[in-house]
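Coordinates from start-v5.cif are shown below (mmCIF, C-alpha atoms and all ligand atoms).
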```
data_work
loop_
_atom_site.label_atom_id
_atom_site.label_comp_id
_atom_site.auth_asym_id
_atom_site.auth_seq_id
_atom_site.Cartn_x
_atom_site.Cartn_y
_atom_site.Cartn_z
CA MET A 1 105.32 68.70 -62.67
CA SER A 2 108.10 70.96 -63.75
CA GLN A 3 110.95 70.11 -66.05
CA PRO A 4 114.21 69.27 -64.26
CA ASN A 5 116.56 72.16 -64.89
CA THR A 6 119.77 70.23 -64.60
CA GLY A 7 122.65 69.78 -67.02
CA THR A 8 122.91 66.76 -69.24
CA PRO A 9 123.81 63.74 -67.13
CA GLN A 10 126.29 62.60 -69.79
CA GLU A 11 128.41 65.63 -68.98
CA ARG A 12 128.77 64.80 -65.31
CA THR A 13 131.06 62.39 -63.55
CA PRO A 14 130.76 61.03 -60.00
CA GLN A 15 133.48 63.45 -58.91
CA GLU A 16 131.66 66.50 -60.28
CA GLU A 17 128.25 65.49 -59.13
CA MET A 18 127.13 66.80 -55.75
CA ILE A 19 124.60 64.37 -54.44
CA THR A 20 122.23 66.15 -52.12
CA ARG A 21 120.83 63.91 -49.46
CA SER A 22 117.57 64.52 -47.63
CA THR A 23 118.36 65.83 -44.19
CA THR A 24 114.81 66.27 -43.01
CA GLU A 25 112.57 63.36 -43.76
CA GLY A 26 109.06 63.61 -45.10
CA LYS A 27 106.09 61.67 -43.93
CA ILE A 28 106.06 57.92 -44.41
CA LEU A 29 104.47 57.14 -47.78
CA LEU A 30 104.99 53.40 -48.07
CA SER A 31 105.95 50.88 -45.42
CA CYS A 32 105.91 47.20 -44.65
CA GLN A 33 105.49 45.65 -41.23
CA ASN A 34 106.81 42.18 -40.36
CA VAL A 35 106.59 40.96 -43.95
CA THR A 36 107.53 37.33 -44.56
CA LYS A 37 107.58 35.20 -47.70
CA GLU A 38 107.95 31.44 -47.67
CA PHE A 39 108.35 29.28 -50.75
CA SER A 40 107.95 25.52 -50.91
CA VAL A 41 110.69 24.05 -53.04
CA ALA A 42 110.73 20.28 -53.57
CA GLY A 43 108.79 19.67 -50.38
CA SER A 44 110.92 21.87 -48.17
CA LYS A 45 110.20 25.40 -47.09
CA ILE A 46 112.53 28.33 -47.66
CA THR A 47 112.01 31.72 -46.08
CA ALA A 48 113.02 34.22 -48.79
CA VAL A 49 111.94 37.27 -46.75
CA ASP A 50 111.90 36.94 -42.99
CA ASP A 51 109.98 39.43 -40.82
CA VAL A 52 111.05 42.60 -42.63
CA SER A 53 109.80 46.04 -41.58
CA LEU A 54 110.82 49.11 -43.60
CA GLU A 55 109.62 52.67 -44.03
CA PHE A 56 109.85 54.85 -47.12
CA PRO A 57 109.63 58.57 -46.32
CA GLU A 58 108.27 60.86 -49.04
CA SER A 59 110.87 62.29 -51.47
CA SER A 60 113.78 60.20 -50.32
CA VAL A 61 115.83 57.32 -51.66
CA LEU A 62 115.99 54.15 -49.60
CA ALA A 63 118.46 51.55 -50.84
CA VAL A 64 118.03 47.88 -50.02
CA VAL A 65 121.42 46.20 -50.37
CA GLY A 66 122.39 42.55 -50.11
CA GLU A 67 124.09 39.65 -51.82
CA SER A 68 122.32 37.73 -54.53
CA GLY A 69 119.64 35.50 -52.97
CA SER A 70 119.17 37.67 -49.88
CA GLY A 71 115.49 38.27 -50.74
CA LYS A 72 115.57 41.75 -52.29
CA SER A 73 113.51 40.98 -55.39
CA THR A 74 110.99 38.93 -53.42
CA LEU A 75 110.53 41.90 -51.10
CA ALA A 76 110.13 44.21 -54.12
CA ARG A 77 107.52 41.94 -55.69
CA MET A 78 105.51 41.90 -52.47
CA LEU A 79 105.71 45.69 -52.12
CA LEU A 80 104.53 46.00 -55.71
CA ARG A 81 101.71 43.60 -54.91
CA LEU A 82 102.81 41.26 -57.69
CA MET A 83 103.18 38.44 -55.17
CA PRO A 84 101.12 37.77 -52.02
CA VAL A 85 102.78 37.97 -48.60
CA THR A 86 102.93 34.88 -46.38
CA ALA A 87 102.59 37.16 -43.36
CA GLY A 88 102.79 40.86 -42.57
CA THR A 89 101.26 44.12 -43.75
CA ILE A 90 101.99 46.64 -46.50
CA THR A 91 100.78 50.18 -45.91
CA PHE A 92 100.51 52.97 -48.49
CA ARG A 93 99.31 56.45 -47.54
CA ASP A 94 98.15 55.09 -44.16
CA GLN A 95 95.97 52.49 -45.89
CA ASP A 96 96.47 48.72 -45.59
CA VAL A 97 97.10 47.62 -49.19
CA THR A 98 98.24 44.06 -48.40
CA HIS A 99 95.13 42.45 -49.87
CA LEU A 100 93.95 45.17 -52.24
CA LYS A 101 92.09 43.90 -55.34
CA GLY A 102 90.47 45.15 -58.55
CA SER A 103 90.29 48.88 -59.14
CA GLY A 104 92.00 49.65 -55.82
CA LEU A 105 95.00 47.57 -56.89
CA ARG A 106 95.06 49.17 -60.36
CA LYS A 107 95.10 52.58 -58.70
CA TYR A 108 97.98 51.40 -56.47
CA TRP A 109 99.91 50.35 -59.59
CA THR A 110 99.60 53.82 -61.06
CA GLU A 111 101.18 55.26 -57.90
CA VAL A 112 103.88 52.64 -57.41
CA GLN A 113 105.85 51.91 -60.59
CA ALA A 114 108.87 49.71 -61.16
CA VAL A 115 111.95 49.46 -63.35
CA PHE A 116 113.75 46.13 -63.48
CA GLN A 117 117.19 44.88 -64.36
CA ASP A 118 117.12 43.80 -67.96
CA PRO A 119 115.79 46.52 -70.22
CA PHE A 120 115.84 44.21 -73.25
CA ALA A 121 113.51 41.73 -71.60
CA SER A 122 110.89 44.47 -71.17
CA PHE A 123 110.89 45.43 -74.85
CA ASN A 124 109.26 43.75 -77.78
CA GLN A 125 112.08 43.93 -80.36
CA PHE A 126 109.65 44.47 -83.25
CA TYR A 127 108.10 47.66 -81.89
CA THR A 128 109.64 51.10 -81.85
CA VAL A 129 110.13 52.93 -78.59
CA GLY A 130 107.31 55.27 -79.69
CA SER A 131 104.80 52.45 -80.04
CA LEU A 132 105.92 50.97 -76.72
CA LEU A 133 105.31 54.25 -74.89
CA ARG A 134 102.04 55.05 -76.73
CA ARG A 135 100.70 51.57 -76.08
CA GLY A 136 101.02 52.01 -72.32
CA LEU A 137 99.07 55.24 -72.49
CA SER A 138 96.40 53.92 -74.83
CA LEU A 139 95.78 51.04 -72.38
CA ALA A 140 95.28 53.73 -69.74
CA GLN A 141 92.86 55.45 -72.21
CA VAL A 142 94.84 58.64 -72.47
CA PRO A 143 93.77 60.54 -75.66
CA LYS A 144 96.44 60.65 -78.39
CA ASP A 145 97.23 64.38 -78.27
CA GLU A 146 97.58 64.26 -74.48
CA ALA A 147 99.71 61.12 -74.82
CA ASP A 148 102.17 62.90 -77.13
CA VAL A 149 102.57 65.77 -74.68
CA LEU A 150 103.05 63.38 -71.77
CA ILE A 151 105.62 61.29 -73.67
CA GLU A 152 107.63 64.40 -74.50
CA GLU A 153 107.47 65.55 -70.89
CA CYS A 154 108.57 62.17 -69.48
CA LEU A 155 111.38 61.76 -72.00
CA GLY A 156 112.51 65.20 -70.86
CA TYR A 157 112.86 63.91 -67.31
CA VAL A 158 115.45 61.40 -68.53
CA ASP A 159 117.16 63.93 -70.82
CA MET A 160 115.89 62.52 -74.10
CA LYS A 161 114.07 64.15 -76.98
CA PRO A 162 111.18 62.51 -78.88
CA LYS A 163 112.99 62.80 -82.20
CA GLU A 164 116.05 60.93 -80.94
CA ALA A 165 114.02 58.14 -79.34
CA LEU A 166 110.54 57.46 -80.70
CA HIS A 167 111.38 56.08 -84.15
CA LYS A 168 114.13 53.79 -82.86
CA PHE A 169 114.01 50.07 -82.20
CA PRO A 170 115.38 48.87 -78.84
CA HIS A 171 118.52 47.36 -80.41
CA GLN A 172 119.39 50.74 -81.93
CA MET A 173 119.84 52.26 -78.49
CA SER A 174 122.55 51.91 -75.85
CA GLY A 175 121.84 50.05 -72.60
CA GLY A 176 121.72 53.37 -70.76
CA GLN A 177 119.23 54.83 -73.23
CA ARG A 178 117.01 51.76 -72.98
CA GLN A 179 117.10 51.97 -69.21
CA ARG A 180 116.20 55.68 -69.35
CA ILE A 181 113.26 54.83 -71.64
CA MET A 182 112.05 52.37 -69.00
CA VAL A 183 112.25 55.10 -66.36
CA ALA A 184 110.33 57.47 -68.68
CA ARG A 185 107.69 54.79 -69.23
CA ALA A 186 107.29 54.32 -65.48
CA LEU A 187 106.99 58.10 -65.00
CA MET A 188 104.17 58.37 -67.55
CA MET A 189 101.83 56.96 -64.92
CA ARG A 190 102.85 59.85 -62.65
CA PRO A 191 103.91 57.54 -59.82
CA THR A 192 104.76 58.75 -56.36
CA VAL A 193 107.03 55.75 -55.74
CA LEU A 194 109.57 54.34 -58.18
CA LEU A 195 110.96 50.96 -57.36
CA ALA A 196 114.21 50.16 -59.16
CA ASP A 197 115.32 46.53 -58.80
CA GLU A 198 118.93 46.20 -60.04
CA ALA A 199 117.90 48.72 -62.68
CA THR A 200 121.49 49.86 -63.22
CA SER A 201 123.28 46.53 -62.78
CA MET A 202 123.74 45.71 -66.44
CA LEU A 203 125.10 49.12 -67.39
CA ASP A 204 128.74 50.05 -67.75
CA ALA A 205 130.16 52.62 -65.34
CA THR A 206 129.41 55.76 -67.37
CA LEU A 207 125.85 54.79 -68.26
CA ARG A 208 125.25 53.72 -64.69
CA VAL A 209 126.22 57.11 -63.30
CA ASN A 210 123.99 58.63 -65.95
CA VAL A 211 120.91 56.66 -64.79
CA LEU A 212 121.77 57.14 -61.09
CA ASN A 213 121.89 60.89 -61.68
CA VAL A 214 118.52 60.78 -63.43
CA LEU A 215 117.00 59.01 -60.40
CA HIS A 216 118.61 61.53 -58.09
CA ASP A 217 117.21 64.47 -60.10
CA LEU A 218 113.74 62.91 -60.10
CA LYS A 219 113.77 62.79 -56.32
CA ASN A 220 114.83 66.41 -56.10
CA ASP A 221 112.73 67.84 -58.92
CA LEU A 222 109.56 65.76 -58.76
CA GLY A 223 109.70 64.73 -55.11
CA LEU A 224 109.71 61.07 -56.12
CA THR A 225 110.21 58.41 -53.47
CA VAL A 226 112.71 55.84 -54.74
CA LEU A 227 113.29 52.30 -53.54
CA PHE A 228 116.69 51.41 -54.98
CA ILE A 229 117.52 47.72 -54.83
CA THR A 230 121.06 46.61 -55.55
CA HIS A 231 123.74 44.06 -54.66
CA ASP A 232 126.28 46.90 -54.93
CA ILE A 233 126.67 48.98 -51.78
CA GLY A 234 128.78 51.44 -53.80
CA GLN A 235 125.80 52.41 -55.96
CA ALA A 236 123.55 52.52 -52.92
CA SER A 237 125.85 54.93 -51.15
CA TYR A 238 126.09 57.13 -54.22
CA LEU A 239 122.36 57.68 -54.41
CA ALA A 240 120.57 56.79 -51.20
CA ASP A 241 119.57 58.84 -48.16
CA ARG A 242 119.13 55.69 -46.12
CA VAL A 243 120.36 52.14 -46.53
CA ALA A 244 118.91 48.84 -45.31
CA VAL A 245 121.17 45.79 -45.56
CA MET A 246 119.59 42.38 -46.20
CA GLU A 247 121.15 39.01 -45.43
CA ARG A 248 119.29 35.73 -45.91
CA GLY A 249 115.87 37.36 -45.89
CA LYS A 250 116.43 39.58 -42.88
CA VAL A 251 117.31 43.25 -42.53
CA VAL A 252 120.54 43.01 -40.53
CA GLU A 253 121.55 46.67 -40.53
CA ARG A 254 119.95 50.01 -41.34
CA GLY A 255 120.66 53.70 -41.01
CA THR A 256 121.51 56.84 -42.89
CA THR A 257 123.95 56.26 -45.73
CA GLU A 258 126.71 57.92 -43.73
CA GLU A 259 126.06 55.71 -40.70
CA VAL A 260 126.12 52.49 -42.71
CA ILE A 261 129.19 53.45 -44.76
CA PHE A 262 131.30 55.06 -42.04
CA SER A 263 130.30 52.98 -39.04
CA PRO A 264 129.05 49.62 -40.24
CA GLN A 265 127.90 47.49 -37.33
CA GLY A 266 127.99 43.98 -38.75
CA ASP A 267 130.60 41.81 -40.47
CA TYR A 268 128.29 41.22 -43.41
CA THR A 269 128.02 44.97 -44.10
CA ARG A 270 131.80 45.34 -43.69
CA ARG A 271 132.29 42.59 -46.23
CA LEU A 272 129.96 44.30 -48.72
CA LEU A 273 131.90 47.52 -48.16
CA SER A 274 135.28 45.87 -48.62
CA ASP A 275 134.31 45.05 -52.22
CA VAL A 276 134.32 48.79 -52.98
CA PRO A 277 137.64 49.99 -51.51
CA ASP A 278 137.62 53.65 -52.61
CA LEU A 279 134.03 54.25 -51.59
CA ARG A 280 134.56 56.43 -48.56
CA GLY A 281 136.71 58.89 -50.46
CA SER A 282 134.02 59.43 -53.08
CA LEU A 283 131.09 59.76 -50.69
CA LYS A 284 129.52 63.19 -50.78
CA SER A 285 127.06 64.56 -48.32
N1 LIG B 1 109.30 31.92 -57.09
C1 LIG B 1 110.20 31.36 -56.27
N2 LIG B 1 110.08 30.08 -55.88
C2 LIG B 1 110.98 29.53 -55.04
N3 LIG B 1 112.04 30.15 -54.50
C3 LIG B 1 112.22 31.44 -54.86
C4 LIG B 1 111.32 32.11 -55.75
N4 LIG B 1 111.75 33.39 -55.90
C5 LIG B 1 112.85 33.50 -55.16
N5 LIG B 1 113.15 32.34 -54.53
C6 LIG B 1 114.27 32.10 -53.59
O1 LIG B 1 114.19 33.10 -52.61
C7 LIG B 1 115.48 33.55 -52.23
C8 LIG B 1 115.58 35.05 -52.44
O2 LIG B 1 115.55 35.33 -53.82
P1 LIG B 1 115.48 36.80 -54.40
O3 LIG B 1 114.38 37.53 -53.72
O4 LIG B 1 115.41 36.69 -55.88
O5 LIG B 1 116.89 37.39 -53.94
P2 LIG B 1 117.75 38.61 -54.51
O6 LIG B 1 116.84 39.48 -55.33
O7 LIG B 1 118.28 39.29 -53.29
O8 LIG B 1 118.84 38.01 -55.33
C9 LIG B 1 116.46 32.75 -53.06
O9 LIG B 1 116.89 31.65 -52.30
C10 LIG B 1 115.61 32.30 -54.25
O10 LIG B 1 116.12 31.10 -54.77
MG MG B 2 117.03 40.19 -57.32
#
```
Can I see the file as structure tokens?
Amino acid sequence: MSQPNTGTPQERTPQEEMITRSTTEGKILLSCQNVTKEFSVAGSKITAVDDVSLEFPESSVLAVVGESGSGKSTLARMLLRLMPVTAGTITFRDQDVTHLKGSGLRKYWTEVQAVFQDPFASFNQFYTVGSLLRRGLSLAQVPKDEADVLIEECLGYVDMKPKEALHKFPHQMSGGQRQRIMVARALMMRPTVLLADEATSMLDATLRVNVLNVLHDLKNDLGLTVLFITHDIGQASYLADRVAVMERGKVVERGTTEEVIFSPQGDYTRRLLSDVPDLRGSLKS
């Protein structure tokens, strides 16, 4: 992996940033076919994810957008194999991984990594960032000298230096820095897919753009495939090559980012778009 040779994300603004979208799509790395999840709540059944089929081409960003409760996180948990499907199939590198167990599943989890919403919840407040990162690698039995090199490399991907991060406690960092540490931690496993579930939702506007730009650079520089889950179609359109819109467990609309933003087909998508009035002006292609 080579070091991203981009400027510091802090120096860029959405207006300056040219988002480059994938025009030619790679081969399908991860997909799900007719995936459904039902929960029983107080004796009644709710269908959180209802017959969803999606494809994730290599080195592209697919955004899944929808209101709170539309089933995005449940879908993410199934794709990550943290939660069993009620029905349907998950395929990774042409292999059915829906019921993978043991070492096969552990291998899958090195390839498919996730970053979630609340960076604080993922940190133990009493450990430094350095011990958090080293711990992950020691569990994976990476020797210490290799671990230090890998940590420096992965912090580099999120524009951080070991000396400004490793000795700090989580509360001594900004929300954006914590979120970038979580991305670095996910990258240490050298994943091919990064799943970000509302990973930028708790950040203020500047820090959010900062993390979005980091994700964008990772796609371009490392060829990472990114599943970007958000309730905010504005963020999705900033980053994604393709967008899938979820409503009450179903994918109700999908297409390239331009198609979904400029010619939304359904009322639900139009409503999501109307919450971000100046979106079309800022969309770059
Ligand atoms: N473990 C669970 N048990 C019961 N219901 C759940 C569980 N997880 C999610 N749900 C329900 O499934 C629906 C979708 O939730 P979720 O996937 O978290 O949506 P989103 O991430 O889009 O906000 C919601 O109605 C939620 O209450
Ligand atoms: Mg969610």
Inset, instruction - Enumerate as number ranges by chain the residues within 9 Å of ligand MG 2 (chain B), counting only C-alpha atoms and all ligand atoms. - result: A: 67-74, 76, 117, 197-198, 229-231
Inset, instruction - Counting all atoms listed in the file, figure out which residue out of A:Leu137, A:Gly102, A:Asp145, A:Thr128 gets nearest to Arg178 in chain A. - result: A:Thr128
Inset, instruction - List the residues sitting within 6 Å of (107.0, 58.6, -52.0) in the file's frame, using all atoms listed in the file, as a ChimeraX atom specification. - result: /A:29,58-59,192-193,224-225
Would you save the residues of that selection, restricted to C-alpha atoms, as a tab-separated table (two decimals), in the frame of the given file?
```
chain	number	residue	atom	x	y	z
A	29	LEU	CA	104.47	57.14	-47.78
A	58	GLU	CA	108.27	60.86	-49.04
A	59	SER	CA	110.87	62.29	-51.47
A	192	THR	CA	104.76	58.75	-56.36
A	193	VAL	CA	107.03	55.75	-55.74
A	224	LEU	CA	109.71	61.07	-56.12
A	225	THR	CA	110.21	58.41	-53.47
```
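Note that the spacing between CA of Leu80 in chain A and CA of Leu227 in chain A amounts to 11.0 Å.
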Legend entry - Minimum-distance residue to ligand LIG 1 (chain B), chosen among A:Gly234, A:Gly176, A:Gly43, A:Gly130 (using all atoms listed in the file): A:Gly43
Inset, instruction - Go through A:Ala48, A:Ala165, A:Cys32, A:Ala240 one by one, measure the shortest atom-to-atom distance of each to ligand LIG 1 (chain B) using all atoms listed in the file, and give the residue with the smallest value. - result: A:Ala48
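Coordinates place atom C4 of ligand LIG 1 (chain B) at a distance of 12.9 Å from CA of Thr36 in chain A.
The spacing separating CA of Glu55 in chain A from CA of Phe228 in chain A amounts to 13.1 Å.
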Inset, instruction - Could you tell me which of A:Val245, A:Cys154, A:Leu132, A:Val209 comes closest to ligand LIG 1 (chain B) if we count only C-alpha atoms and all ligand atoms? - result: A:Val245
Legend entry - Counting all atoms listed in the file, the option among A:Val65, A:Val112, A:Val226, A:Val158 closest to Val260 in chain A: A:Val65
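Using only C-alpha atoms and all ligand atoms, the nearest neighbour of ligand LIG 1 (chain B) within the list A:Glu247, A:Asp148, A:Asp275, A:Asp96 is A:Glu247.
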Inset, instruction - Extract, using only C-alpha atoms, all DNA, RNA and protein residues at most 8 Å from Ser131 in chain A, discarding same-chain residues fewer than 4 positions from it, and format them as a list in words. - result: Tyr127, Arg135 and Leu166 of chain A
